[in-house]
Amino acid sequence: MLITHATLVRWMPEPAIVPDTALCLQDGRIAAIGPSAELAARYPAEPRLDAAGLWLLPGLVCAHTHIYSAFARGMATPGEPPADFMAILRQLWWRLDRALGYDDIRCSALLVAADAIRHGVTTLFDHHASPTAIRFSLDVLAEALEQAGLRASLCYEVTDRGGPEEAEAGIAENVRFVERARARGGLLRGTMGLHASLTLSDATMRRVAEAERSLNCGYHVHVAEGEGEVRQSLQEHGVRVVERWSRLGVLGPRTIAAHCIHVDAEELAILADSRTRIVHNPRSNMNNGVGAADVPAMLRRHLPVGLGNDGFSQNMFQELQLADLLPRLVHRDPLATSGPEIVDLLLRHNPETASAAFGLPLGQIEIGAAADVILLRYAPPTPVTAGNLAWHILFGLDGSEVDTTIVAGRVLMRHGELQTLDAAANAAKGRELAAALWKRL
């Protein structure tokens with residue numbers, strides 16, 4: 001495919017805006033970049049997609065999500081209103097994930113995939129749990145995401161909250177899927193999922209570590225999301241959460257540590273030394289009332305802080321704006337963040353995480369990079385330059401501008417119309433399944 005007449009918007013290696021640019025996409029990669037007239041003459045036989053001046057950006061990456069949370073939208077939490085984060089887990093999420101069946105898992109993936117495509121998200125890092133439907137649950141997710149055409153890294157949440165048999169089943173599901181994804185290649189990858197320090201014993205972690213060492217796949221884990229997790233770690237293990245994970249060998253450049261809210265300076269140093277990838281989830285943290293990660297302090301230590309949504313909608317532009325505003329509120333300092341360093345969360349650090357996981361350049365517009373690109377309808381009312389691009393991204397884009405989404409050279413949405421999914425049929429099925437799920441709860 002030859003995309004012509006696009007306004008190329010680059011963030012890496014340096015911000016740049018290049019009008020009337022063309023991209024040639026071949027075999028799932030970007031094969032050529034240049035002026036439209038030049039590439040049109042070089043590739044006369046390629047099918048054309050005229051961008052008509054729309055902004056062209058690399059596809060977005062969501063570095064931490066929970067696909068199954070799609071069925072929580074509009075659902076009242078059973079029982080009394082939860083008073084703290086542990087109550088939220090017990091009353092809502094641990095009841096919801098235990099009620100999931102395979103049809104629910106598949107439908108939730110199709111619903112989230114449509115949401116991602118509409119908002120220009122081309123790669124998802126999902127953290128799954130379905131205690132009564134563990135074996136092959138990642139395959140069910142994978143098949144739905146393959147149908148949609150998205151790129152995804154999947155894992156199953158290992159936890160002791162359901163007993164040793166469920167923990168062993170979770171480990172086995174991760175191992176099976178990592179091996180399957182490696183054998184097949186393509187758009188899917190796997191990693192070792194862990195719930196959190198508060199639900200994992202040292203005995204289970206020894207078995208997990210043995211399995212991970214055989215695969216060298218890294219981990220995807222929640223870290224210090226709530227204060228109760230820190231108290232429990234100190235009481236039962238004598239150390240704070242990050243130090244415990246460090247002692248158990250969980251941290252490292254292949255590991256995603258979601259949240260990292262209740263961490264101190266020594267823990268930040270451990271995370272920095274291990275080059276662990278932190279993922280900030282501001283909407284979820286605000287919703288759960290758990291606090292705010294000290295992203296400015298993390299960035300001062302040059303930690304690779306990415307951005308996720310923790311199961312909220314796949315509108316990563318909304319997540320990005322809150323990532324910019326939240327530290328200013330918490331610190332009561334309008335200079336707590338800078339536009340460029342916050343945009344880095346989404347357009348630099350997330351692509352670095354995805355590139356490491358998939359073994360090819362993602363989230364970049366360069367020759368040889370994955371042909372994951374999006375077109376946006378954005379007609380700014382003020383001038384756009386390389387110098388002020390960050391603030392246009394932060395305050396001009398709200399996720400509604402995505403016109404076209406392409407993954408590995410395949411068009412998943414064109415002019416706002418999904419090409420690979422029947423959104424209306426999936427939504428109708430979702431309403432049916434969600435009603436039954438809520439009744440079971």
# chains A, B, ... in the order shown; residues from 1 in each chain; ligands from 1
>>> residues_around(residues="segment 270-279 of chain A", least_positions_apart="6", cutoff="8 Å", atoms="only C-alpha atoms", output="number ranges by chain")
A: 63-64, 242-243, 246, 251-260, 301-308, 353
>>> residues_around(residues="Tyr68 of chain A", least_positions_apart="2", cutoff="6 Å", atoms="only C-alpha atoms", output="list of chain:residue names")
A:His66, A:Ala70, A:Ser108
>>> closest_residue(among="A:Leu322, A:Ile367, A:Ala209, A:Leu389", to="Arg247 of chain A", atoms="only C-alpha atoms")
A:Ala209
>>> select_by_dssp(residues="segment 54-243 of chain A", states="alpha helix (DSSP H)", output="PyMOL selection string")
chain A and resi 85-88+94-99+102-118+137-148+164-184+202-215+227-237+241-243
>>> write_last_selection(atoms="C-alpha atoms", output="tab-separated table (two decimals), in the first residue's frame")
chain	number	residue	atom	x	y	z
A	85	PHE	CA	-8.90	-0.36	47.53
A	86	MET	CA	-8.92	-3.83	49.10
A	87	ALA	CA	-12.71	-3.61	49.36
A	88	ILE	CA	-12.89	-2.66	45.67
A	94	TRP	CA	-12.30	-10.57	42.30
A	95	ARG	CA	-15.99	-11.42	41.98
A	96	LEU	CA	-16.22	-10.30	38.36
A	97	ASP	CA	-13.17	-12.20	37.10
A	98	ARG	CA	-14.32	-15.40	38.89
A	99	ALA	CA	-17.66	-15.18	37.10
A	102	TYR	CA	-14.97	-18.31	27.74
A	103	ASP	CA	-17.79	-16.58	25.82
A	104	ASP	CA	-17.41	-13.56	28.11
A	105	ILE	CA	-13.64	-13.49	27.55
A	106	ARG	CA	-14.01	-13.62	23.77
A	107	CYS	CA	-16.73	-10.97	23.63
A	108	SER	CA	-14.88	-8.61	25.96
A	109	ALA	CA	-11.84	-8.87	23.68
A	110	LEU	CA	-13.89	-8.00	20.61
A	111	LEU	CA	-15.47	-5.02	22.40
A	112	VAL	CA	-12.13	-3.69	23.63
A	113	ALA	CA	-10.53	-4.28	20.24
A	114	ALA	CA	-13.13	-2.08	18.58
A	115	ASP	CA	-12.55	0.62	21.19
A	116	ALA	CA	-8.79	0.42	20.65
A	117	ILE	CA	-9.04	0.62	16.86
A	118	ARG	CA	-11.37	3.62	17.06
A	137	SER	CA	-8.16	-18.36	28.21
A	138	LEU	CA	-5.24	-16.58	26.55
A	139	ASP	CA	-5.97	-18.42	23.31
A	140	VAL	CA	-9.55	-17.15	23.42
A	141	LEU	CA	-8.27	-13.59	23.85
A	142	ALA	CA	-5.68	-14.12	21.12
A	143	GLU	CA	-8.17	-15.42	18.56
A	144	ALA	CA	-10.46	-12.43	19.08
A	145	LEU	CA	-7.59	-9.96	18.81
A	146	GLU	CA	-6.28	-11.72	15.71
A	147	GLN	CA	-9.72	-11.38	14.14
A	148	ALA	CA	-9.65	-7.67	14.94
A	164	PRO	CA	-2.46	-23.70	44.99
A	165	GLU	CA	-4.26	-25.48	42.14
A	166	GLU	CA	-5.40	-22.21	40.57
A	167	ALA	CA	-1.92	-20.74	41.03
A	168	GLU	CA	-0.36	-23.73	39.25
A	169	ALA	CA	-2.94	-23.49	36.47
A	170	GLY	CA	-2.10	-19.80	36.00
A	171	ILE	CA	1.62	-20.56	35.73
A	172	ALA	CA	0.92	-23.32	33.22
A	173	GLU	CA	-1.31	-21.08	31.11
A	174	ASN	CA	1.43	-18.44	30.87
A	175	VAL	CA	4.07	-21.02	29.94
A	176	ARG	CA	1.83	-22.64	27.33
A	177	PHE	CA	0.89	-19.35	25.71
A	178	VAL	CA	4.41	-17.88	25.69
A	179	GLU	CA	5.64	-20.99	23.90
A	180	ARG	CA	2.72	-20.95	21.47
A	181	ALA	CA	3.16	-17.26	20.64
A	182	ARG	CA	6.89	-17.70	20.06
A	183	ALA	CA	6.31	-20.64	17.77
A	184	ARG	CA	3.69	-18.82	15.70
A	202	ASP	CA	7.28	-16.92	48.42
A	203	ALA	CA	6.54	-20.60	47.73
A	204	THR	CA	4.44	-19.76	44.67
A	205	MET	CA	7.00	-17.22	43.52
A	206	ARG	CA	9.72	-19.87	43.56
A	207	ARG	CA	7.65	-21.95	41.14
A	208	VAL	CA	6.90	-18.88	39.03
A	209	ALA	CA	10.58	-17.91	38.90
A	210	GLU	CA	11.58	-21.39	37.76
A	211	ALA	CA	9.04	-21.23	34.93
A	212	GLU	CA	10.07	-17.72	33.89
A	213	ARG	CA	13.78	-18.64	33.84
A	214	SER	CA	13.04	-21.42	31.36
A	215	LEU	CA	11.35	-18.88	29.08
A	227	GLU	CA	-1.08	1.34	50.77
A	228	GLY	CA	-2.36	-1.96	52.15
A	229	GLU	CA	0.01	-3.82	49.84
A	230	VAL	CA	2.97	-2.01	51.39
A	231	ARG	CA	1.79	-2.68	54.96
A	232	GLN	CA	1.27	-6.37	54.20
A	233	SER	CA	4.71	-6.71	52.60
A	234	LEU	CA	6.40	-5.10	55.62
A	235	GLN	CA	4.46	-7.28	58.07
A	236	GLU	CA	4.87	-10.61	56.27
A	237	HIS	CA	8.19	-10.20	54.47
A	241	VAL	CA	7.13	-4.21	47.81
A	242	VAL	CA	9.82	-3.19	45.33
A	243	GLU	CA	12.61	-4.63	47.49
>>> atom_distance(atom1="atom CA of His127 of chain A", atom2="atom CA of Cys155 of chain A")
5.4 Å
>>> residues_around(residues="segment 409-420 of chain A", least_positions_apart="2", cutoff="6 Å", atoms="only C-alpha atoms", output="tab-separated table (two decimals) with C-alpha atoms, in the first residue's frame")
chain	number	residue	atom	x	y	z
A	25	LEU	CA	3.96	-0.32	3.38
A	28	GLY	CA	3.92	-5.50	7.41
A	148	ALA	CA	-9.65	-7.67	14.94
A	371	ALA	CA	3.54	-0.70	9.48
A	403	ASP	CA	-9.87	8.51	10.92
A	404	THR	CA	-7.86	5.45	9.89
A	405	THR	CA	-6.07	2.70	11.82
A	406	ILE	CA	-3.58	0.34	10.15
A	407	VAL	CA	-1.71	-2.57	11.77
>>> atom_distance(atom1="atom CA of His119 of chain A", atom2="atom CA of Asn315 of chain A")
5.5 Å
>>> atom_distance(atom1="atom CA of Gly249 of chain A", atom2="atom CA of Arg300 of chain A")
24.8 Å
>>> residues_around(residues="Leu154 of chain A", least_positions_apart="3", cutoff="8 Å", atoms="only C-alpha atoms", output="list in words")
Phe125, Asp126, His127, His128, Leu138, Ala142, Leu188, Arg189, Gly190 and Thr191 of chain A
>>> residues_around(residues="Ile33 of chain A", least_positions_apart="4", cutoff="8 Å", atoms="only C-alpha atoms", output="number ranges by chain")
A: 21-24, 39, 366-367
>>> write_last_selection(atoms="C-alpha atoms", output="PDB file, in the first residue's frame")
ATOM      1  CA  THR A  21       4.619  12.819   2.857  1.00  0.00           C
ATOM      2  CA  ALA A  22       4.121   9.322   1.488  1.00  0.00           C
ATOM      3  CA  LEU A  23       4.752   5.920   3.084  1.00  0.00           C
ATOM      4  CA  CYS A  24       5.061   2.645   1.233  1.00  0.00           C
ATOM      5  CA  LEU A  39       7.114   7.717  -3.991  1.00  0.00           C
ATOM      6  CA  GLU A 366      11.050   4.892  10.026  1.00  0.00           C
ATOM      7  CA  ILE A 367      12.087   2.441   7.326  1.00  0.00           C
TER       8      ILE A 367
END
>>> residues_around(residues="Met316 of chain A", least_positions_apart="5", cutoff="12 Å", atoms="only C-alpha atoms", output="PyMOL selection string")
chain A and resi 59-65+115-124+280-283+306-311+321-323+343+345-347+350+393-394+397-400+402
>>> write_last_selection(atoms="C-alpha atoms", output="short mmCIF file (atom, residue, chain, number, x, y, z; two decimals), in the first residue's frame")
data_model
loop_
_atom_site.label_atom_id
_atom_site.label_comp_id
_atom_site.auth_asym_id
_atom_site.auth_seq_id
_atom_site.Cartn_x
_atom_site.Cartn_y
_atom_site.Cartn_z
CA GLY A 59 -0.05 3.54 16.07
CA LEU A 60 -0.45 4.01 19.81
CA VAL A 61 0.53 1.48 22.48
CA CYS A 62 -1.40 0.81 25.70
CA ALA A 63 1.17 -0.66 28.08
CA HIS A 64 -1.24 -1.99 30.75
CA THR A 65 -4.90 -2.92 30.42
CA ASP A 115 -12.55 0.62 21.19
CA ALA A 116 -8.79 0.42 20.65
CA ILE A 117 -9.04 0.62 16.86
CA ARG A 118 -11.37 3.62 17.06
CA HIS A 119 -8.85 5.44 19.27
CA GLY A 120 -5.76 4.58 17.24
CA VAL A 121 -4.36 2.00 19.70
CA THR A 122 -2.63 -0.71 17.69
CA THR A 123 -0.79 -2.62 20.45
CA LEU A 124 -2.21 -3.82 23.78
CA HIS A 280 1.39 4.89 34.97
CA ASN A 281 -2.44 4.60 34.97
CA PRO A 282 -3.82 7.97 36.12
CA ARG A 283 -7.54 7.48 35.38
CA GLY A 306 4.99 4.38 30.13
CA LEU A 307 1.24 4.83 30.06
CA GLY A 308 -1.65 2.40 30.49
CA ASN A 309 -5.35 2.58 31.25
CA ASP A 310 -5.79 -0.32 33.72
CA GLY A 311 -9.06 -1.31 32.04
CA GLN A 321 -3.79 14.60 29.33
CA LEU A 322 -4.52 13.42 32.87
CA ALA A 323 -0.92 12.23 33.20
CA VAL A 343 4.20 13.09 25.74
CA LEU A 345 5.21 8.47 28.20
CA LEU A 346 2.93 7.63 25.29
CA LEU A 347 5.05 8.30 22.21
CA ASN A 350 5.45 2.92 25.37
CA ILE A 393 -0.93 16.61 21.30
CA LEU A 394 -1.83 17.22 24.95
CA LEU A 397 -6.22 15.80 20.55
CA ASP A 398 -8.94 14.04 22.55
CA GLY A 399 -9.15 10.69 20.74
CA SER A 400 -12.10 11.58 18.53
CA VAL A 402 -8.79 9.10 14.53
#
>>> closest_residue(among="A:Ala434, A:Leu8, A:Ala292, A:Ile261", to="Ala72 of chain A", atoms="only C-alpha atoms")
A:Ala434
>>> residues_around(residues="Leu54 of chain A", least_positions_apart="4", cutoff="7 Å", atoms="only C-alpha atoms", output="number ranges by chain")
A: 6-7, 375-378
>>> closest_residue(among="A:Leu335, A:Ala129, A:Leu268, A:Leu187", to="Leu150 of chain A", atoms="only C-alpha atoms")
A:Leu187
>>> select_by_dssp(residues="segment 129-187 of chain A", states="strand (DSSP E)", output="PDB file with N, CA and C atoms, in the first residue's frame")
ATOM      1  N   ARG A 151      -2.202  -5.953  17.491  1.00  0.00           N
ATOM      2  CA  ARG A 151      -0.992  -6.532  18.066  1.00  0.00           C
ATOM      3  C   ARG A 151      -1.186  -6.582  19.582  1.00  0.00           C
ATOM      4  N   ALA A 152      -0.732  -7.672  20.245  1.00  0.00           N
ATOM      5  CA  ALA A 152      -0.979  -7.768  21.684  1.00  0.00           C
ATOM      6  C   ALA A 152       0.042  -8.654  22.371  1.00  0.00           C
ATOM      7  N   SER A 153       0.387  -8.258  23.601  1.00  0.00           N
ATOM      8  CA  SER A 153       1.157  -9.082  24.527  1.00  0.00           C
ATOM      9  C   SER A 153       0.204  -9.491  25.641  1.00  0.00           C
ATOM     10  N   LEU A 154       0.073 -10.810  25.857  1.00  0.00           N
ATOM     11  CA  LEU A 154      -0.921 -11.332  26.793  1.00  0.00           C
ATOM     12  C   LEU A 154      -0.249 -12.084  27.931  1.00  0.00           C
ATOM     13  N   CYS A 155      -0.912 -12.090  29.080  1.00  0.00           N
ATOM     14  CA  CYS A 155      -0.447 -12.879  30.218  1.00  0.00           C
ATOM     15  C   CYS A 155      -1.628 -13.243  31.091  1.00  0.00           C
ATOM     16  N   TYR A 156      -1.448 -14.282  31.896  1.00  0.00           N
ATOM     17  CA  TYR A 156      -2.465 -14.663  32.872  1.00  0.00           C
ATOM     18  C   TYR A 156      -1.971 -14.298  34.268  1.00  0.00           C
ATOM     19  N   GLU A 157      -2.869 -13.769  35.080  1.00  0.00           N
ATOM     20  CA  GLU A 157      -2.522 -13.293  36.420  1.00  0.00           C
ATOM     21  C   GLU A 157      -2.356 -14.465  37.395  1.00  0.00           C
ATOM     22  N   VAL A 158      -1.113 -14.796  37.747  1.00  0.00           N
ATOM     23  CA  VAL A 158      -0.865 -15.819  38.762  1.00  0.00           C
ATOM     24  C   VAL A 158      -1.130 -15.221  40.139  1.00  0.00           C
TER      25      VAL A 158
END
>>> closest_residue(among="A:Thr159, A:Asp84, A:His349, A:Leu320", to="Glu225 of chain A", atoms="only C-alpha atoms")
A:Asp84
